[in-house]
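Reviewing the structure listed below.
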Amino acid sequence: MSDNYQKLWQPIKINGMRLKNRIAFSAMGTFTPMQDGTESEEGIRYYEERAKGGVGLIKTGAMFLDEKTAQGGPTLALHNTRAIPKATALVERVHRWGSKICLQISCGTGRNGMPNIGERVPISSSANPSFYNPKSLCRPLETEEIKEIMKDFETGAQFAVNAGFDALEIHGHAGYLIDQFISPQWNDRTDEYGGSWENRTRFATEIVESIRGVVGPDYPIIFRISLDHMYEGGRTLEDSMPIIQLLEKAGVDALDIDSGCYESMDYIFPTRYTGEACMAYVCEKARKHVSIPLLNAGNHSMETAVDLLESGNADIISFGRQLIADPYFPNKLKAGHREDIRPCLLCNEECIGRIFNRLTQLSCTVNPQACLEGALEITELPEKKKVVVVGAGPGGLEAARTAALRGCDVTLYDAGDKIGGTFGVIANKTFKKRITDLITWYGVQLDKLVVTINLNTTITADDVALVVADEIFVATGALPHTPPINGMDNPRVIDVTQAHIQGIKGEQVIVCGGGLSGCDTALELAMEGKQVTIVEMLASTARDVMSINKISLDRMLAEHHVTIKTETKVTEISDQGVVVETPDGQTETLPADTIITAFGQKPNSEVAEAIWDKYSIKTTLIGDCQKVDKAGNAIREGFYAALALQ
């Protein structure tokens, strides 16, 4: 992969819009607009921070035409002038940093409408089953309603012009309403909007024409479309070629292309399992069929972005979660400081997960400031404090980094021989590579901030280092949970963490415990060619994994032939293998060369509680030493602990 990033800094034009570089911020929902349809200060500052960080083009999350079509959450009120002043402020604050901003506009999710949002009976191109409730059939749009939608697009386009947006992007992506008209599996109409590719694309091309009539010939119109639905029966890459040719002919100035739909949702929100640049493959074929600029997204690293640009198959690379994790990465890269770019983990936990699970604004596992930039600024303390951090896992590392940024004299202690704790140990070179990258990043930052790191050092409550500290942060992490099962001392038994350190023997492996740690370990070993079986006492594996990530994980476990035994209880470890109780109450012995235990973790609280008891006034406990949780929680607590120093 290329490490010469000059291609990223070449300017480019889309119709009348000149961009200073080839880096775009992907359109991602934020859930920041207010209930009255105006953008919040949090949302404005969020976009402004990415402009300040050096991105060339910012695309807003999808904004819906009106309340009727807003089936995906909070949106700017494009149909009402009350939203224009705040939208104008957003545009001006992005322009202040030399970036351009594009309003992404949508006529709704159609059959993909989220439950309890929008119309009770979703609209669609045809009487399609609702995605979230297949028993409910959608209501096909009438021709007169389609004409009304075209007028609504005209209104939305005028909103964009009045607010000063530099471009419009039509959301024809992800199997949303426009895509439902384009695609034969969702369009069985017999009128002028169904049948041939030209008729199915008519809804989209009429939208382009409606917008063009308002914005004029020089205003950029971008069309976002998935070229490969990636499921059996969906629209294929080959199918999509006549569609993009029709869109270019209709006057689209650039295409924002990738793959996936809700039936293959882990490509709508690509996971760490799908790999880097996982949707770049669509560009080569598209390049042969259209002459307008192509934008591409999908788990890009800086290096894969350069590779794709240099291939000539794409013109602009979109980064979404990476710019959430580090809004300043373009400026850092341009200045020659690749090592300072905080990596996105591709975990989906706080960006997508917050919106899906809690219907609240996005955040980020590695960047707690995301969407709260104005409220969580890191400022230097008026007087330097001496800070001791016990534990170099993610929470301790973040506490040390933030305290040092605030001007503190920070000393970090860890009993291990390297930073990262268990989080770093379990990282692998394949789908957990970004975790290794994050630990490396922390090491670089702490070195630049002159944080003293003492490894192979066990701290107790009686250490003199704690006496002289002004503040103590304790982040001692977690320990393996060991259930009372006979034979756990068998030499073939190894804990999941130690398995990553020491490696394993033999070809036949049993993983006891089907949570995320156990499943990831099983997948790693299966990818190496091992014969792996997961034993899980509950009805399903990976219950602690976000639903979108689980789609990828389950598919890859199947592809690598991992045997999964659910509702199966480990009762004993014998010299012959793992003795289990099967779902029907029978006893069975599963032979194994190595038995990996992944029964979960418990807080490593003994030292933490002792330090708290002795120095409660100046001690803050962080992360798993209080309650076992995901790494993002530890990072957030470490950040908050250091930010709270006064």
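Ordering of the structure tokens sets the chain letters (A, B, ...), residue numbers begin anew at 1 in every chain, and ligands are numbered from 1 in the order given.
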
Worksheet item: Which neighbours of Phe25 in chain A fall inside 7 Å, counting only C-alpha atoms, when residues of the same chain fewer than 5 positions from it are skipped, and could you give them as a list in words?
Response: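 Once the nearby chain positions are removed, what remains is Val55, Leu57, Ile58, Lys59, Ser318, Phe319, Gly320 and Leu323 of chain A.
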
Mind dumping a table of every range 383-457 of chain A residue within 12 Å of range 626-630 of chain A, with the nearest atom pair and its distance in Å to one decimal, using only C-alpha atoms, sorted by chain and rising number, as JSON lines?
{"residue": "A:Gly393", "atom": "CA", "partner": "A:Lys630", "partner_atom": "CA", "distance": 11.8}
{"residue": "A:Pro394", "atom": "CA", "partner": "A:Lys630", "partner_atom": "CA", "distance": 10.1}
{"residue": "A:Gly395", "atom": "CA", "partner": "A:Lys630", "partner_atom": "CA", "distance": 10.5}
{"residue": "A:Thr422", "atom": "CA", "partner": "A:Lys630", "partner_atom": "CA", "distance": 11.7}
{"residue": "A:Phe423", "atom": "CA", "partner": "A:Lys630", "partner_atom": "CA", "distance": 9.6}

Worksheet item: So which one's closest to Ser540 in chain A, A:Ile564, A:Leu346, A:Val450, A:Leu645? Using only C-alpha atoms, please.
Response: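 Under the stated criterion, the closest residue is A:Ile564.
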
Can I get the residues of range 236-328 of chain A within 9 Å of range 5-22 of chain A, each with the closest pair of atoms and their distance in Å to one decimal, using only C-alpha atoms, sorted chain first then ascending number, as JSON lines?
{"residue": "A:Asp253", "atom": "CA", "partner": "A:Asn15", "partner_atom": "CA", "distance": 6.2}
{"residue": "A:Ala254", "atom": "CA", "partner": "A:Ile14", "partner_atom": "CA", "distance": 6.8}
{"residue": "A:Ile292", "atom": "CA", "partner": "A:Ile14", "partner_atom": "CA", "distance": 8.4}
{"residue": "A:Pro293", "atom": "CA", "partner": "A:Ile14", "partner_atom": "CA", "distance": 7.1}
{"residue": "A:Met302", "atom": "CA", "partner": "A:Tyr5", "partner_atom": "CA", "distance": 7.7}
{"residue": "A:Glu303", "atom": "CA", "partner": "A:Tyr5", "partner_atom": "CA", "distance": 7.7}
{"residue": "A:Ala305", "atom": "CA", "partner": "A:Leu8", "partner_atom": "CA", "distance": 8.0}
{"residue": "A:Val306", "atom": "CA", "partner": "A:Tyr5", "partner_atom": "CA", "distance": 6.3}
{"residue": "A:Leu309", "atom": "CA", "partner": "A:Lys7", "partner_atom": "CA", "distance": 7.0}
{"residue": "A:Glu310", "atom": "CA", "partner": "A:Lys7", "partner_atom": "CA", "distance": 7.2}
{"residue": "A:Asp315", "atom": "CA", "partner": "A:Arg22", "partner_atom": "CA", "distance": 6.9}
{"residue": "A:Ile316", "atom": "CA", "partner": "A:Arg22", "partner_atom": "CA", "distance": 4.6}
{"residue": "A:Ile317", "atom": "CA", "partner": "A:Arg22", "partner_atom": "CA", "distance": 6.2}
{"residue": "A:Ser318", "atom": "CA", "partner": "A:Arg22", "partner_atom": "CA", "distance": 8.4}

Preceding selection exported with N, CA and C atoms as a tab-separated table (two decimals), in the first residue's frame:
chain	number	residue	atom	x	y	z
A	253	ASP	N	-24.02	15.17	-11.44
A	253	ASP	CA	-22.65	15.66	-11.62
A	253	ASP	C	-21.59	14.74	-11.01
A	254	ALA	N	-21.98	13.89	-10.08
A	254	ALA	CA	-21.05	12.95	-9.45
A	254	ALA	C	-21.86	11.83	-8.83
A	292	ILE	N	-18.41	11.00	-15.12
A	292	ILE	CA	-18.48	11.97	-14.03
A	292	ILE	C	-17.67	11.47	-12.82
A	293	PRO	N	-17.29	12.37	-11.89
A	293	PRO	CA	-16.50	11.97	-10.71
A	293	PRO	C	-17.21	10.93	-9.86
A	302	MET	N	-6.08	5.57	5.29
A	302	MET	CA	-5.45	6.56	4.44
A	302	MET	C	-4.74	5.89	3.26
A	303	GLU	N	-4.19	4.72	3.53
A	303	GLU	CA	-3.42	4.01	2.51
A	303	GLU	C	-4.32	3.43	1.42
A	305	ALA	N	-7.15	4.59	0.63
A	305	ALA	CA	-7.68	5.75	-0.09
A	305	ALA	C	-6.73	6.16	-1.21
A	306	VAL	N	-5.45	6.24	-0.90
A	306	VAL	CA	-4.46	6.62	-1.92
A	306	VAL	C	-4.42	5.58	-3.02
A	309	LEU	N	-7.39	6.05	-5.33
A	309	LEU	CA	-7.24	7.25	-6.15
A	309	LEU	C	-6.21	7.04	-7.25
A	310	GLU	N	-5.10	6.42	-6.89
A	310	GLU	CA	-4.04	6.20	-7.87
A	310	GLU	C	-4.45	5.20	-8.94
A	315	ASP	N	-12.43	9.22	-7.55
A	315	ASP	CA	-11.87	10.58	-7.56
A	315	ASP	C	-11.84	11.21	-6.17
A	316	ILE	N	-12.73	10.77	-5.31
A	316	ILE	CA	-12.83	11.31	-3.94
A	316	ILE	C	-13.10	10.15	-3.02
A	317	ILE	N	-12.45	10.14	-1.86
A	317	ILE	CA	-12.66	9.08	-0.88
A	317	ILE	C	-13.41	9.65	0.31
A	318	SER	N	-14.48	8.96	0.69
A	318	SER	CA	-15.28	9.38	1.84
A	318	SER	C	-14.88	8.61	3.09

Practice prompt. May I have the residues within 9 Å of Arg111 in chain A as a list in words, using only C-alpha atoms and disregarding those fewer than 3 positions away in the same chain?
Written response: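 Within the cut-off, the hits are Met114, Pro122, Ile123, Ser124, Ser125, Asn128, Pro129, Ser130, Phe131, Tyr132, Leu137, Cys138, Gly175, Tyr176, Leu177 and Gln180 of chain A.
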
Item to complete: Find the residues around Val208 in chain A up to 8 Å (only C-alpha atoms counted), leave out those fewer than 5 positions away in its own chain, and share them as an MDAnalysis selection string.
Response: chainID A and resid 221 250:252

Could you take the residues named above and write them with C-alpha atoms, as a short mmCIF file (atom, residue, chain, number, x, y, z; two decimals), in the first residue's frame?
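Listed below is the output, again_37.cif:
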data_model
loop_
_atom_site.label_atom_id
_atom_site.label_comp_id
_atom_site.auth_asym_id
_atom_site.auth_seq_id
_atom_site.Cartn_x
_atom_site.Cartn_y
_atom_site.Cartn_z
CA ILE A 221 -25.95 17.44 -7.81
CA ALA A 250 -30.27 13.07 -16.43
CA GLY A 251 -27.69 15.59 -15.21
CA VAL A 252 -26.10 14.07 -12.09
#
